[in-house]
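Enquirer: So that you have it, the file is target.txt, and it contains compact mmCIF, C-alpha atoms:
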```
# COMPACT_ATOMS: atom_id res chain seq x y z
CA MET A 1 37.80 178.73 82.17
CA SER A 2 38.30 182.41 81.32
CA LEU A 3 39.12 185.57 83.23
CA TYR A 4 38.72 189.25 82.41
CA PHE A 5 41.77 191.46 82.82
CA ASP A 6 41.41 195.21 83.06
CA CYS A 7 43.55 198.15 82.05
CA ILE A 8 42.95 201.82 82.87
CA VAL A 9 42.78 204.16 79.89
CA ASP A 10 45.74 206.51 79.66
CA SER A 11 43.82 209.72 80.29
CA PRO A 12 45.72 213.02 79.89
CA HIS A 13 43.40 214.70 82.42
CA THR A 14 43.75 212.98 85.79
CA SER A 15 41.46 215.40 87.62
CA ALA A 16 38.59 215.16 85.11
CA ILE A 17 35.23 213.51 85.75
CA ASN A 18 34.35 210.99 83.03
CA THR A 19 30.74 211.60 82.11
CA GLN A 20 30.14 208.94 79.42
CA ILE A 21 31.78 206.37 77.17
CA ALA A 22 30.92 205.06 73.69
CA TRP A 23 32.42 202.19 71.67
CA HIS A 24 32.58 201.93 67.92
CA ALA A 25 30.67 198.83 66.83
CA GLN A 26 33.59 197.42 64.79
CA ALA A 27 36.82 199.34 65.38
CA ALA A 28 38.58 199.12 68.77
CA CYS A 29 37.90 202.81 69.44
CA LEU A 30 36.52 203.94 72.80
CA ALA A 31 35.37 207.55 73.07
CA VAL A 32 35.45 209.07 76.56
CA ALA A 33 33.75 212.35 77.39
CA ALA A 34 35.04 214.16 80.48
CA TYR A 35 34.80 217.48 82.27
CA SER A 36 37.07 219.42 84.60
CA GLU A 37 37.19 222.98 85.89
CA GLU A 38 40.67 223.36 84.45
CA LYS A 39 40.12 222.04 80.92
CA GLY A 40 36.35 222.27 80.48
CA GLY A 41 34.66 219.62 78.35
CA THR A 42 36.82 217.11 76.48
CA VAL A 43 36.46 214.08 74.21
CA ASN A 44 39.31 211.60 73.82
CA VAL A 45 39.48 208.34 71.90
CA TYR A 46 41.45 205.30 73.11
CA THR A 47 42.56 202.03 71.56
CA GLY A 48 41.49 198.63 72.83
CA GLU A 49 44.66 198.61 74.96
CA GLY A 50 43.73 201.92 76.61
CA LYS A 51 46.27 204.05 74.73
CA LEU A 52 45.33 207.57 73.73
CA CYS A 53 44.70 208.02 69.98
CA GLU A 54 46.65 211.25 69.59
CA GLU A 55 45.62 211.63 65.94
CA VAL A 56 42.02 212.24 67.09
CA ASP A 57 42.13 215.97 67.73
CA ILE A 58 38.90 217.30 69.25
CA PRO A 59 39.64 220.61 71.04
CA PRO A 60 38.24 221.01 74.57
CA HIS A 61 35.28 223.29 75.16
CA PRO A 62 36.13 225.87 77.85
CA THR A 63 32.61 226.29 79.26
CA ALA A 64 30.48 223.30 78.21
CA GLN A 65 30.52 219.53 78.57
CA VAL A 66 29.48 216.78 76.20
CA THR A 67 25.82 215.82 76.59
CA SER A 68 25.65 213.14 73.88
CA MET A 69 27.95 211.33 71.46
CA VAL A 70 27.54 208.43 69.06
CA TRP A 71 29.63 206.51 66.52
CA HIS A 72 28.42 205.71 63.02
CA PRO A 73 27.58 201.96 62.89
CA SER A 74 30.23 201.21 60.24
CA LYS A 75 32.28 204.31 59.40
CA ARG A 76 34.82 205.78 61.81
CA VAL A 77 32.69 208.89 62.12
CA MET A 78 31.49 210.25 65.47
CA ALA A 79 28.86 212.90 66.21
CA VAL A 80 29.39 214.93 69.40
CA GLY A 81 26.72 217.15 70.97
CA TRP A 82 27.53 219.76 73.60
CA GLU A 83 25.74 221.43 76.48
CA SER A 84 25.89 224.69 74.50
CA GLY A 85 23.90 223.21 71.61
CA GLU A 86 26.95 222.94 69.36
CA LEU A 87 27.21 219.86 67.13
CA PHE A 88 30.51 218.52 65.79
CA LEU A 89 31.36 215.64 63.48
CA TRP A 90 34.71 213.87 63.72
CA ASN A 91 35.70 212.01 60.54
CA ASP A 92 38.57 209.68 61.37
CA HIS A 93 39.01 208.67 57.73
CA GLU A 94 39.95 212.27 56.87
CA HIS A 95 41.24 213.21 60.36
CA GLU A 96 38.92 216.20 60.28
CA LEU A 97 36.60 217.85 62.82
CA ARG A 98 33.66 219.83 61.44
CA GLU A 99 31.20 222.04 63.23
CA ILE A 100 27.70 221.34 61.92
CA GLN A 101 25.44 224.38 61.68
CA SER A 102 22.00 223.60 63.11
CA LEU A 103 19.09 225.17 64.96
CA HIS A 104 20.20 223.68 68.31
CA ARG A 105 20.70 226.26 71.06
CA ALA A 106 20.01 224.05 74.10
CA PRO A 107 21.93 221.00 75.38
CA ILE A 108 21.84 218.27 72.74
CA SER A 109 20.20 215.36 74.53
CA ILE A 110 19.83 212.93 71.62
CA LEU A 111 22.18 211.77 68.86
CA GLN A 112 21.37 208.49 67.12
CA PHE A 113 22.24 206.93 63.76
CA SER A 114 19.86 204.57 62.02
CA ALA A 115 20.80 200.89 61.82
CA ALA A 116 22.58 201.22 58.46
CA GLY A 117 23.85 204.71 59.21
CA THR A 118 22.07 206.61 56.43
CA ARG A 119 20.21 208.90 58.85
CA LEU A 120 21.25 210.81 61.98
CA VAL A 121 18.72 212.33 64.38
CA SER A 122 19.72 215.12 66.76
CA ALA A 123 17.42 216.65 69.38
CA ASP A 124 17.87 218.99 72.31
CA ALA A 125 16.36 219.92 75.67
CA SER A 126 14.19 222.64 74.12
CA GLY A 127 12.54 220.27 71.64
CA ALA A 128 14.46 221.23 68.49
CA THR A 129 14.84 218.14 66.29
CA VAL A 130 16.86 217.71 63.11
CA GLY A 131 17.01 214.77 60.70
CA TRP A 132 20.27 214.49 58.74
CA ARG A 133 21.01 212.45 55.66
CA VAL A 134 24.43 210.79 55.89
CA ASP A 135 26.21 210.43 52.55
CA ASN A 136 28.89 207.90 51.58
CA SER A 137 31.72 210.10 52.90
CA GLY A 138 29.99 210.64 56.25
CA ASP A 139 28.92 214.23 55.62
CA LEU A 140 25.52 215.51 56.82
CA GLN A 141 22.72 217.23 54.91
CA THR A 142 19.54 218.48 56.58
CA VAL A 143 16.38 216.53 55.67
CA PHE A 144 13.90 218.07 58.12
CA THR A 145 13.68 220.21 61.26
CA HIS A 146 11.04 220.52 64.00
CA GLU A 147 10.56 222.88 66.93
CA LEU A 148 8.49 220.70 69.29
CA LYS A 149 8.90 222.94 72.37
CA ASP A 150 9.11 219.79 74.48
CA PRO A 151 12.26 218.52 76.26
CA LEU A 152 13.29 215.41 74.31
CA VAL A 153 15.09 212.62 76.14
CA GLN A 154 14.71 209.34 74.21
CA VAL A 155 14.80 208.10 70.62
CA VAL A 156 14.41 204.65 69.08
CA TYR A 157 14.28 203.69 65.42
CA ARG A 158 11.69 201.27 64.15
CA VAL A 159 12.96 197.96 62.80
CA ASN A 160 12.14 196.05 59.66
CA THR A 161 9.88 193.09 60.29
CA ALA A 162 10.21 189.92 58.19
CA ALA A 163 7.92 191.35 55.52
CA ASP A 164 10.06 194.50 55.22
CA LYS A 165 13.50 192.90 55.00
CA THR A 166 13.86 193.21 51.24
CA LEU A 167 12.90 195.74 48.61
CA PRO A 168 11.64 194.94 45.12
CA ALA A 169 14.24 195.39 42.40
CA LEU A 170 14.30 198.84 40.81
CA ASP A 171 15.39 199.65 37.29
CA ILE A 172 17.68 202.64 36.97
CA ASN A 173 15.03 204.79 35.27
CA GLY A 174 12.53 204.17 38.04
CA LEU A 175 15.22 204.82 40.62
CA ALA A 176 16.12 208.14 38.99
CA ARG A 177 12.48 209.24 38.91
CA ALA A 178 12.06 208.36 42.58
CA ALA A 179 15.22 210.29 43.50
CA VAL A 180 14.07 213.39 41.58
CA SER A 181 10.68 213.24 43.31
CA GLY A 182 12.39 213.44 46.71
CA ASP A 183 12.68 209.80 47.84
CA GLU A 184 15.65 209.93 50.23
CA ARG A 185 16.41 206.21 50.05
CA ALA A 186 16.30 206.24 46.25
CA LEU A 187 18.62 209.25 46.26
CA ASP A 188 21.12 207.40 48.48
CA ILE A 189 21.07 204.32 46.24
CA PHE A 190 21.22 206.34 43.02
CA SER A 191 24.15 208.49 44.23
CA SER A 192 26.24 205.38 44.93
CA TRP A 193 25.30 203.54 41.71
CA ARG A 194 27.96 202.89 39.07
CA PRO A 195 27.14 201.69 35.52
CA ARG A 196 29.54 198.73 35.48
CA THR A 197 28.33 197.29 38.76
CA GLY A 198 24.92 198.91 38.89
CA HIS A 199 22.72 195.80 38.91
CA LYS A 200 24.82 194.02 41.51
CA HIS A 201 25.04 197.09 43.71
CA LEU A 202 21.29 197.70 43.54
CA GLY A 203 20.66 194.14 44.66
CA MET A 204 22.94 194.64 47.64
CA MET A 205 21.24 197.89 48.57
CA GLY A 206 17.82 196.27 48.18
CA THR A 207 18.58 193.68 50.85
CA ALA A 208 19.93 196.29 53.27
CA LYS A 209 16.93 198.59 53.56
CA ASP A 210 17.42 201.12 56.34
CA ASN A 211 14.32 201.92 58.38
CA LEU A 212 14.32 205.69 58.87
CA ASN A 213 11.10 205.93 60.90
CA PHE A 214 11.57 206.57 64.60
CA PHE A 215 9.91 207.46 67.90
CA LEU A 216 10.84 210.40 70.15
CA GLY A 217 10.01 210.56 73.86
CA SER A 218 9.85 213.69 76.00
CA SER A 219 10.22 214.40 79.70
CA THR A 220 6.55 215.50 79.74
CA GLY A 221 5.43 212.03 78.64
CA VAL A 222 4.64 212.79 74.99
CA LEU A 223 5.56 210.15 72.41
CA TYR A 224 6.10 211.37 68.83
CA HIS A 225 6.40 209.33 65.65
CA VAL A 226 8.52 210.75 62.82
CA ASN A 227 8.50 209.06 59.41
CA GLU A 228 11.37 208.99 56.94
CA SER A 229 10.18 212.19 55.25
CA GLY A 230 10.14 214.02 58.58
CA ASN A 231 6.38 214.17 59.19
CA CYS A 232 5.93 214.29 62.96
CA VAL A 233 2.78 213.16 64.82
CA GLU A 234 2.00 212.88 68.54
CA VAL A 235 0.88 209.29 69.12
CA LEU A 236 0.75 208.91 72.92
CA GLN A 237 0.54 210.86 76.16
CA ALA A 238 2.09 208.67 78.85
CA ASP A 239 1.29 208.94 82.56
CA GLY A 240 4.73 210.34 83.33
CA GLY A 241 7.95 211.49 81.76
CA ILE A 242 9.38 208.94 79.34
CA LYS A 243 12.45 207.23 80.78
CA ARG A 244 13.26 204.63 78.11
CA LEU A 245 12.09 203.58 74.65
CA LEU A 246 12.93 200.17 73.18
CA HIS A 247 11.78 198.47 69.98
CA HIS A 248 11.49 194.70 69.57
CA GLU A 249 14.10 193.46 67.08
CA SER A 250 11.70 191.45 64.92
CA ARG A 251 8.16 192.54 65.82
CA SER A 252 6.24 195.80 65.53
CA LEU A 253 6.33 196.17 69.30
CA LEU A 254 7.37 199.27 71.26
CA VAL A 255 8.28 199.27 74.96
CA VAL A 256 7.73 202.53 76.86
CA ILE A 257 9.02 202.99 80.43
CA THR A 258 8.04 206.11 82.35
CA GLU A 259 9.62 207.91 85.30
CA SER A 260 6.88 206.46 87.50
CA LEU A 261 8.25 202.98 86.58
CA VAL A 262 5.27 201.95 84.47
CA LEU A 263 6.31 199.63 81.65
CA GLY A 264 3.90 199.51 78.73
CA GLN A 265 3.92 197.39 75.58
CA PHE A 266 2.40 198.84 72.41
CA SER A 267 1.77 197.37 69.00
CA VAL A 268 2.91 199.67 66.19
CA ALA A 269 0.85 200.20 63.03
CA VAL A 270 2.36 200.97 59.63
CA ASP A 271 1.63 204.69 60.06
CA GLY A 272 3.34 204.77 63.48
CA SER A 273 0.20 204.86 65.60
CA VAL A 274 0.41 202.73 68.75
CA THR A 275 -2.09 200.55 70.59
CA GLU A 276 -1.52 199.46 74.18
CA ILE A 277 -1.19 195.72 74.73
CA ASN A 278 -0.52 195.73 78.47
CA ARG A 279 1.23 197.63 81.23
CA VAL A 280 2.89 196.70 84.51
CA LYS A 281 4.08 198.71 87.48
CA LEU A 282 7.70 197.99 88.33
CA SER A 283 8.97 198.20 91.91
CA GLY A 284 12.48 198.74 93.19
CA ARG A 285 14.80 200.52 95.56
CA THR A 286 15.00 203.64 93.36
CA ASN A 287 13.37 205.12 90.25
CA ASP A 288 16.71 204.98 88.41
CA ILE A 289 15.79 202.03 86.22
CA GLN A 290 18.33 200.15 84.10
CA VAL A 291 17.04 198.22 81.10
CA THR A 292 18.49 196.54 78.01
CA TRP A 293 17.69 193.79 75.56
CA SER A 294 19.44 190.55 76.56
CA GLY A 295 18.37 188.35 73.67
CA ALA A 296 15.57 188.11 71.13
CA GLY A 297 12.50 189.58 72.85
CA LEU A 298 14.17 189.20 76.25
CA LEU A 299 14.22 192.33 78.40
CA ALA A 300 16.63 192.75 81.33
CA VAL A 301 15.43 195.20 83.99
CA SER A 302 16.98 196.37 87.27
CA THR A 303 15.60 198.99 89.62
CA GLY A 304 18.54 199.55 91.94
CA ASP A 305 18.55 196.33 93.98
CA ASN A 306 20.84 193.28 93.89
CA SER A 307 19.04 191.47 91.08
CA VAL A 308 18.12 191.66 87.41
CA ARG A 309 14.69 190.55 86.19
CA LEU A 310 14.54 188.95 82.75
CA TRP A 311 11.22 189.23 80.98
CA ASN A 312 10.45 187.36 77.76
CA LEU A 313 7.99 189.61 75.96
CA ASP A 314 7.14 186.89 73.44
CA SER A 315 6.19 184.18 75.92
CA GLY A 316 5.40 186.28 79.00
CA ASP A 317 7.82 184.28 81.18
CA ASN A 318 9.96 186.15 83.69
CA TYR A 319 12.61 185.20 86.23
CA VAL A 320 15.31 186.77 88.37
CA LEU A 321 19.12 186.69 88.25
CA SER A 322 20.67 187.59 91.62
CA LEU A 323 24.08 188.67 92.84
CA ARG A 324 24.69 185.74 95.14
CA GLY A 325 27.69 184.00 96.62
CA PRO A 326 30.76 185.02 98.64
CA SER A 327 31.96 187.44 95.94
CA TYR A 328 29.10 189.87 96.64
CA ARG A 329 28.15 191.83 99.74
CA ASP A 330 24.79 192.55 101.34
CA GLN A 331 24.66 196.20 100.36
CA GLU A 332 25.71 195.63 96.73
CA PHE A 333 23.30 196.94 94.09
CA VAL A 334 23.14 196.94 90.30
CA MET A 335 23.92 200.38 88.85
CA CYS A 336 24.09 199.69 85.09
CA LEU A 337 23.59 196.96 82.49
CA SER A 338 25.00 195.98 79.09
CA TYR A 339 24.50 192.88 76.96
CA SER A 340 26.81 191.33 74.36
CA ALA A 341 24.91 189.33 71.73
CA ASN A 342 28.22 187.98 70.38
CA LYS A 343 29.22 186.52 73.74
CA ASN A 344 25.72 185.89 75.16
CA ILE A 345 26.83 187.72 78.30
CA LEU A 346 24.77 190.11 80.41
CA CYS A 347 27.01 192.46 82.40
CA ALA A 348 26.06 194.46 85.50
CA GLY A 349 28.15 197.08 87.27
CA THR A 350 27.59 197.59 91.00
CA ASN A 351 27.92 200.36 93.54
CA LEU A 352 30.82 198.52 95.23
CA GLY A 353 32.98 198.14 92.12
CA SER A 354 32.03 194.65 90.98
CA VAL A 355 31.58 193.89 87.28
CA ALA A 356 29.22 190.90 87.37
CA MET A 357 28.52 188.72 84.34
CA TRP A 358 25.93 186.08 83.54
CA LYS A 359 26.73 183.90 80.54
CA TYR A 360 23.84 182.27 78.70
CA GLU A 361 24.47 178.60 77.94
CA GLU A 362 21.31 176.91 76.73
CA SER A 363 20.86 173.48 78.28
CA LYS A 364 20.32 170.45 76.08
CA LEU A 365 16.71 169.52 75.60
CA GLY A 366 15.67 166.07 76.74
CA GLU A 367 12.55 164.33 77.88
CA ASP A 368 11.87 167.10 80.40
CA GLU A 369 12.15 169.96 77.90
CA TYR A 370 8.75 171.31 78.92
CA MET A 371 10.00 171.54 82.51
CA LYS A 372 13.06 173.51 81.41
CA ASP A 373 14.00 176.37 83.75
CA PRO A 374 15.52 179.23 81.66
CA GLU A 375 16.95 180.85 84.80
CA LYS A 376 19.43 177.98 85.13
CA ASP A 377 20.80 178.67 81.64
CA TRP A 378 22.35 181.90 82.91
CA LYS A 379 25.62 181.08 84.67
CA LEU A 380 27.01 183.69 87.07
CA GLN A 381 30.74 184.16 86.37
CA ASN A 382 33.52 185.24 88.72
CA PRO A 383 33.34 189.05 88.98
CA THR A 384 36.04 191.53 88.13
CA VAL A 385 36.47 194.02 90.98
CA ILE A 386 37.71 197.54 90.35
CA SER A 387 37.98 200.70 92.42
CA GLY A 388 34.92 202.92 92.66
CA THR A 389 31.22 202.81 91.87
CA VAL A 390 30.49 201.53 88.36
CA LYS A 391 28.33 204.13 86.62
CA GLN A 392 28.37 202.73 83.09
CA VAL A 393 29.32 199.48 81.32
CA ALA A 394 29.37 199.12 77.54
CA TRP A 395 30.33 196.29 75.18
CA GLY A 396 31.82 197.24 71.83
CA SER A 397 34.20 196.69 68.91
CA ALA A 398 34.64 193.54 66.85
CA GLN A 399 36.93 192.32 69.66
CA ASN A 400 34.01 192.32 72.13
CA LEU A 401 35.75 194.54 74.65
CA LEU A 402 34.00 195.88 77.75
CA GLY A 403 34.30 199.51 78.80
CA VAL A 404 33.69 200.38 82.46
CA ASN A 405 33.22 203.95 83.70
CA THR A 406 33.62 204.75 87.40
CA VAL A 407 33.61 208.53 86.80
CA ARG A 408 37.17 208.89 88.13
CA ASP A 409 38.61 206.17 85.88
CA VAL A 410 37.69 204.27 82.75
CA TYR A 411 38.69 200.62 82.41
CA ILE A 412 38.80 198.28 79.42
CA LEU A 413 38.19 194.60 80.17
CA ASN A 414 39.36 191.86 77.82
CA GLU A 415 38.68 188.15 78.12
CA GLN A 416 41.57 185.72 78.49
CA HIS A 417 41.26 181.93 78.60
CA MET A 418 43.22 179.94 81.14
CA VAL A 419 44.91 176.76 79.88
CA ALA A 420 46.53 174.40 82.42
CA SER A 421 48.74 171.35 82.08
CA TYR A 422 50.38 168.97 84.55
CA LYS A 423 53.52 166.92 83.93
CA ASP A 424 56.27 165.48 86.13
CA GLN A 425 54.59 166.90 89.26
CA VAL A 426 54.73 170.41 87.78
CA SER A 427 51.62 172.44 87.04
CA GLU A 428 51.69 175.08 84.32
CA THR A 429 49.02 177.69 83.63
CA ARG A 430 48.90 179.94 80.62
CA LEU A 431 46.58 182.70 79.46
CA LEU A 432 45.29 182.92 75.91
CA LEU A 433 43.96 186.24 74.63
CA VAL A 434 40.42 185.87 73.30
CA TYR A 435 38.86 188.03 70.57
CA ARG A 436 35.42 186.67 69.74
```
Please rewrite the model in this file as structure tokens.
Expert:
Amino acid sequence: MSLYFDCIVDSPHTSAINTQIAWHAQAACLAVAAYSEEKGGTVNVYTGEGKLCEEVDIPPHPTAQVTSMVWHPSKRVMAVGWESGELFLWNDHEHELREIQSLHRAPISILQFSAAGTRLVSADASGATVGWRVDNSGDLQTVFTHELKDPLVQVVYRVNTAADKTLPALDINGLARAAVSGDERALDIFSSWRPRTGHKHLGMMGTAKDNLNFFLGSSTGVLYHVNESGNCVEVLQADGGIKRLLHHESRSLLVVITESLVLGQFSVAVDGSVTEINRVKLSGRTNDIQVTWSGAGLLAVSTGDNSVRLWNLDSGDNYVLSLRGPSYRDQEFVMCLSYSANKNILCAGTNLGSVAMWKYEESKLGEDEYMKDPEKDWKLQNPTVISGTVKQVAWGSAQNLLGVNTVRDVYILNEQHMVASYKDQVSETRLLLVYR
């Protein structure tokens, strides 16, 4: 048996409203963006124990708040976009904050690194879009810019399918020619090549191809495809503003959800063009939809009620996970979702302060394997209850910590196992800290 224990981050601004949180994927670093009339917009970074990292010095903005922020997938580098259109890059390795000059003049609504971190995309509410090449030290160089004149709200990178996972080996002469001709990926590989370890390093880079093609969605319902060179093409006009974009992890399949709660599946061609496979109309208490991947091809969707629908896009099966039992109340609704692939846990924050978790434990297959009910593989755990409405939950770090944002406070939840023993009519219970 295990329990989750929470600690409140040691915020220096008690009167501030916490607008968003973001974990580093590996390091136990939680970034918290906040805003107050007294201090303006702030960004602070905390350890996994909730202590303020005082060495991270990002000055507050007197008149603007943070509208987007994202960590590099491996480096301790964070991009921060502001309501004023300003873009900053914090490099924790060098303890340096840099203002990045760009064409953004409107609130930066999108900041997203590619899977391997060699490309950063920034976009704002006026439609200005910039692609940045990220070098080995974490610095940014402009690759392309676009003025789309369309409020941009969503971005998702394409993924490498099985056929794209590896690159053919390149000799150094061919690599140099490709770099000179403008191939961004060849330039990245060539710049990090060293003669003594060149062949080994090229092999490593070849198996870690970064897909730099991505989709952009706007609040007017336009879907754009941008390839790695920056060529931008409109590929879809949806029937409403685009709410969410998700890409299947192993198939050329794009999921588009609109503000009218229409969920469409589209196959993606090599050139980025899309073809509709099917669409469904979702229903719920509100239009504020919450959606996340909760396994390979498994989509978790909640529309403001007391349940989460899981939809297997590969098989077409779907089922419902509900907040049931004495720990939950009648008027308790799901406000946010987050899934940990390392723990196989789907987490939901509620309006009444509950942090609910379903743990996936696949049942053993027997003679009745074809009658298997996947809903029963998700075990509802005892909730952690905190004060306030849970606005955001986020898993992160190599320690698999859970960040919880209630606007007034930010909590960090860590799993602890309970171990009990009984001897000489005395019961003893101990807690073991779990990092997995």
Enquirer: So what do you get for CA of Tyr339 in chain A versus CA of Val134 in chain A, distance-wise?
Expert: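 For CA of Tyr339 in chain A relative to CA of Val134 in chain A, the distance reads 27.7 Å.
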Enquirer: For a quick check of understanding, using only C-alpha atoms, which of A:Lys372, A:His95, A:Lys39, A:Arg279 has the smallest distance to Pro12 in chain A?
Expert: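 Smallest distance to Pro12 in chain A is found for A:Lys39.
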Enquirer: One decimal, Å: what's the distance from CA of Glu415 in chain A over to CA of Ala116 in chain A, could you say?
Expert: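 Taking CA of Glu415 in chain A and CA of Ala116 in chain A, their separation equals 28.6 Å.
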Enquirer: Would you list the contacts of Gln290 in chain A as an MDAnalysis selection string, taking every protein, DNA or RNA residue within 8 Å and counting all atoms listed in the file, but skipping same-chain residues closer than 2 positions in sequence?
Expert: chainID A and resid 288 292 301:304 335:337
Enquirer: So how far away is CA of Arg105 in chain A from CA of Ala238 in chain A, in Å?
Expert: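 It comes out at 26.8 Å.
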Enquirer: For Arg251 in chain A, which residue out of A:Thr67, A:Gln112, A:Asn312, A:Thr161 is the nearest one, using all atoms listed in the file?
Expert: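 Of the candidates, the smallest distance to Arg251 in chain A is held by A:Thr161.
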Enquirer: Just want the 8 Å neighbourhood of Ala394 in chain A, counted on all atoms listed in the file, with same-chain residues fewer than 4 positions away dropped. Output as a PyMOL selection string.
Expert: chain A and resi 21-23+337-339+402-404
Enquirer: Hey, what's within 8 Å of range 46-55 of chain A if we count all atoms listed in the file and toss same-chain stuff fewer than 6 positions away? As a list in words, please?
Expert: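 Result of the neighbour search: Cys7, Ile8, Val9, Asp10, Ser11, Ala28, Cys29, Leu30, Ala31, Val32, His95, Leu401, Tyr411 and Ile412 of chain A.
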Enquirer: Counting all atoms listed in the file, I want the residues whose atoms come within 6 Å of (27.0, 211.8, 67.3) in the file frame, returned as a list in words.
Expert: Met69, Val70, Trp71, Met78, Ala79, Val80 and Leu111 of chain A
Enquirer: Please check which residues have atoms at most 8 Å from (37.9, 220.2, 85.8) in the file's coordinates, counting only C-alpha atoms, and write them as a count of residues only.
Expert: 9
Enquirer: Can you pull out the residues contacting Gln381 in chain A? Cut-off 10 Å, using only C-alpha atoms, and skip same-chain residues under 5 positions away; I want them as a ChimeraX atom specification.
Expert: /A:1-3,345,347,355-359
Enquirer: When you count all atoms listed in the file, which of these residues is closest to Leu246 in chain A: A:His225, A:Arg285, A:Arg158, A:His61?
Expert: A:Arg158
Enquirer: List as a PyMOL selection string the protein and nucleic acid residues near range 385-387 of chain A, meaning an atom at most 10 Å away when all atoms listed in the file are counted, but skip any in the same chain fewer than 3 places from it.
Expert: chain A and resi 6+327+349-350+352-356+382+390+404+406+408-409+411
Enquirer: Of the candidates A:Val308, A:Val235, A:Val255, A:Val291, which one gets nearest to Val274 in chain A if we count all atoms listed in the file?
Expert: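 When distances to Val274 in chain A are compared using all atoms listed in the file, the smallest one comes from A:Val235.
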Enquirer: Which of these, A:Asn400, A:Asn160, A:Ser250, A:Gln154, has the shortest distance to Ala296 in chain A once you count only C-alpha atoms?
Expert: A:Ser250
Enquirer: Find, counting all atoms listed in the file, the residue in A:Gly81, A:Gly117, A:Gly217, A:Gly138 that gets nearest to Val156 in chain A.
Expert: A:Gly217
Enquirer: Could you rebuild range 102-113 of chain A with N, CA, C and O atoms and give me the result as an mmCIF file, in the frame of the given file?
Expert:
```cif
data_model
loop_
_atom_site.group_PDB
_atom_site.id
_atom_site.type_symbol
_atom_site.label_atom_id
_atom_site.label_comp_id
_atom_site.auth_asym_id
_atom_site.auth_seq_id
_atom_site.Cartn_x
_atom_site.Cartn_y
_atom_site.Cartn_z
ATOM 1 N N SER A 102 23.353 224.121 62.888
ATOM 2 C CA SER A 102 22.000 223.600 63.110
ATOM 3 C C SER A 102 21.209 224.602 63.931
ATOM 4 O O SER A 102 21.728 225.646 64.346
ATOM 5 N N LEU A 103 19.946 224.267 64.176
ATOM 6 C CA LEU A 103 19.090 225.170 64.960
ATOM 7 C C LEU A 103 19.196 224.912 66.461
ATOM 8 O O LEU A 103 18.475 225.522 67.247
ATOM 9 N N HIS A 104 20.077 224.001 66.890
ATOM 10 C CA HIS A 104 20.200 223.680 68.310
ATOM 11 C C HIS A 104 20.837 224.837 69.082
ATOM 12 O O HIS A 104 21.904 225.339 68.708
ATOM 13 N N ARG A 105 20.163 225.232 70.162
ATOM 14 C CA ARG A 105 20.700 226.260 71.060
ATOM 15 C C ARG A 105 20.677 225.787 72.515
ATOM 16 O O ARG A 105 21.197 226.474 73.392
ATOM 17 N N ALA A 106 20.089 224.643 72.762
ATOM 18 C CA ALA A 106 20.010 224.050 74.100
ATOM 19 C C ALA A 106 20.863 222.784 74.114
ATOM 20 O O ALA A 106 21.311 222.303 73.065
ATOM 21 N N PRO A 107 21.129 222.229 75.305
ATOM 22 C CA PRO A 107 21.930 221.000 75.380
ATOM 23 C C PRO A 107 21.378 219.907 74.468
ATOM 24 O O PRO A 107 20.183 219.599 74.500
ATOM 25 N N ILE A 108 22.253 219.326 73.651
ATOM 26 C CA ILE A 108 21.840 218.270 72.740
ATOM 27 C C ILE A 108 21.708 216.978 73.533
ATOM 28 O O ILE A 108 22.692 216.414 74.001
ATOM 29 N N SER A 109 20.489 216.522 73.690
ATOM 30 C CA SER A 109 20.200 215.360 74.530
ATOM 31 C C SER A 109 20.152 214.052 73.758
ATOM 32 O O SER A 109 20.258 212.974 74.346
ATOM 33 N N ILE A 110 19.988 214.126 72.437
ATOM 34 C CA ILE A 110 19.830 212.930 71.620
ATOM 35 C C ILE A 110 20.697 213.022 70.372
ATOM 36 O O ILE A 110 20.667 214.033 69.653
ATOM 37 N N LEU A 111 21.471 211.990 70.125
ATOM 38 C CA LEU A 111 22.180 211.770 68.860
ATOM 39 C C LEU A 111 22.083 210.283 68.565
ATOM 40 O O LEU A 111 22.514 209.469 69.386
ATOM 41 N N GLN A 112 21.521 209.913 67.425
ATOM 42 C CA GLN A 112 21.370 208.490 67.120
ATOM 43 C C GLN A 112 21.368 208.263 65.615
ATOM 44 O O GLN A 112 20.593 208.892 64.891
ATOM 45 N N PHE A 113 22.243 207.359 65.157
ATOM 46 C CA PHE A 113 22.240 206.930 63.760
ATOM 47 C C PHE A 113 21.210 205.817 63.577
ATOM 48 O O PHE A 113 20.933 205.046 64.503
#
```
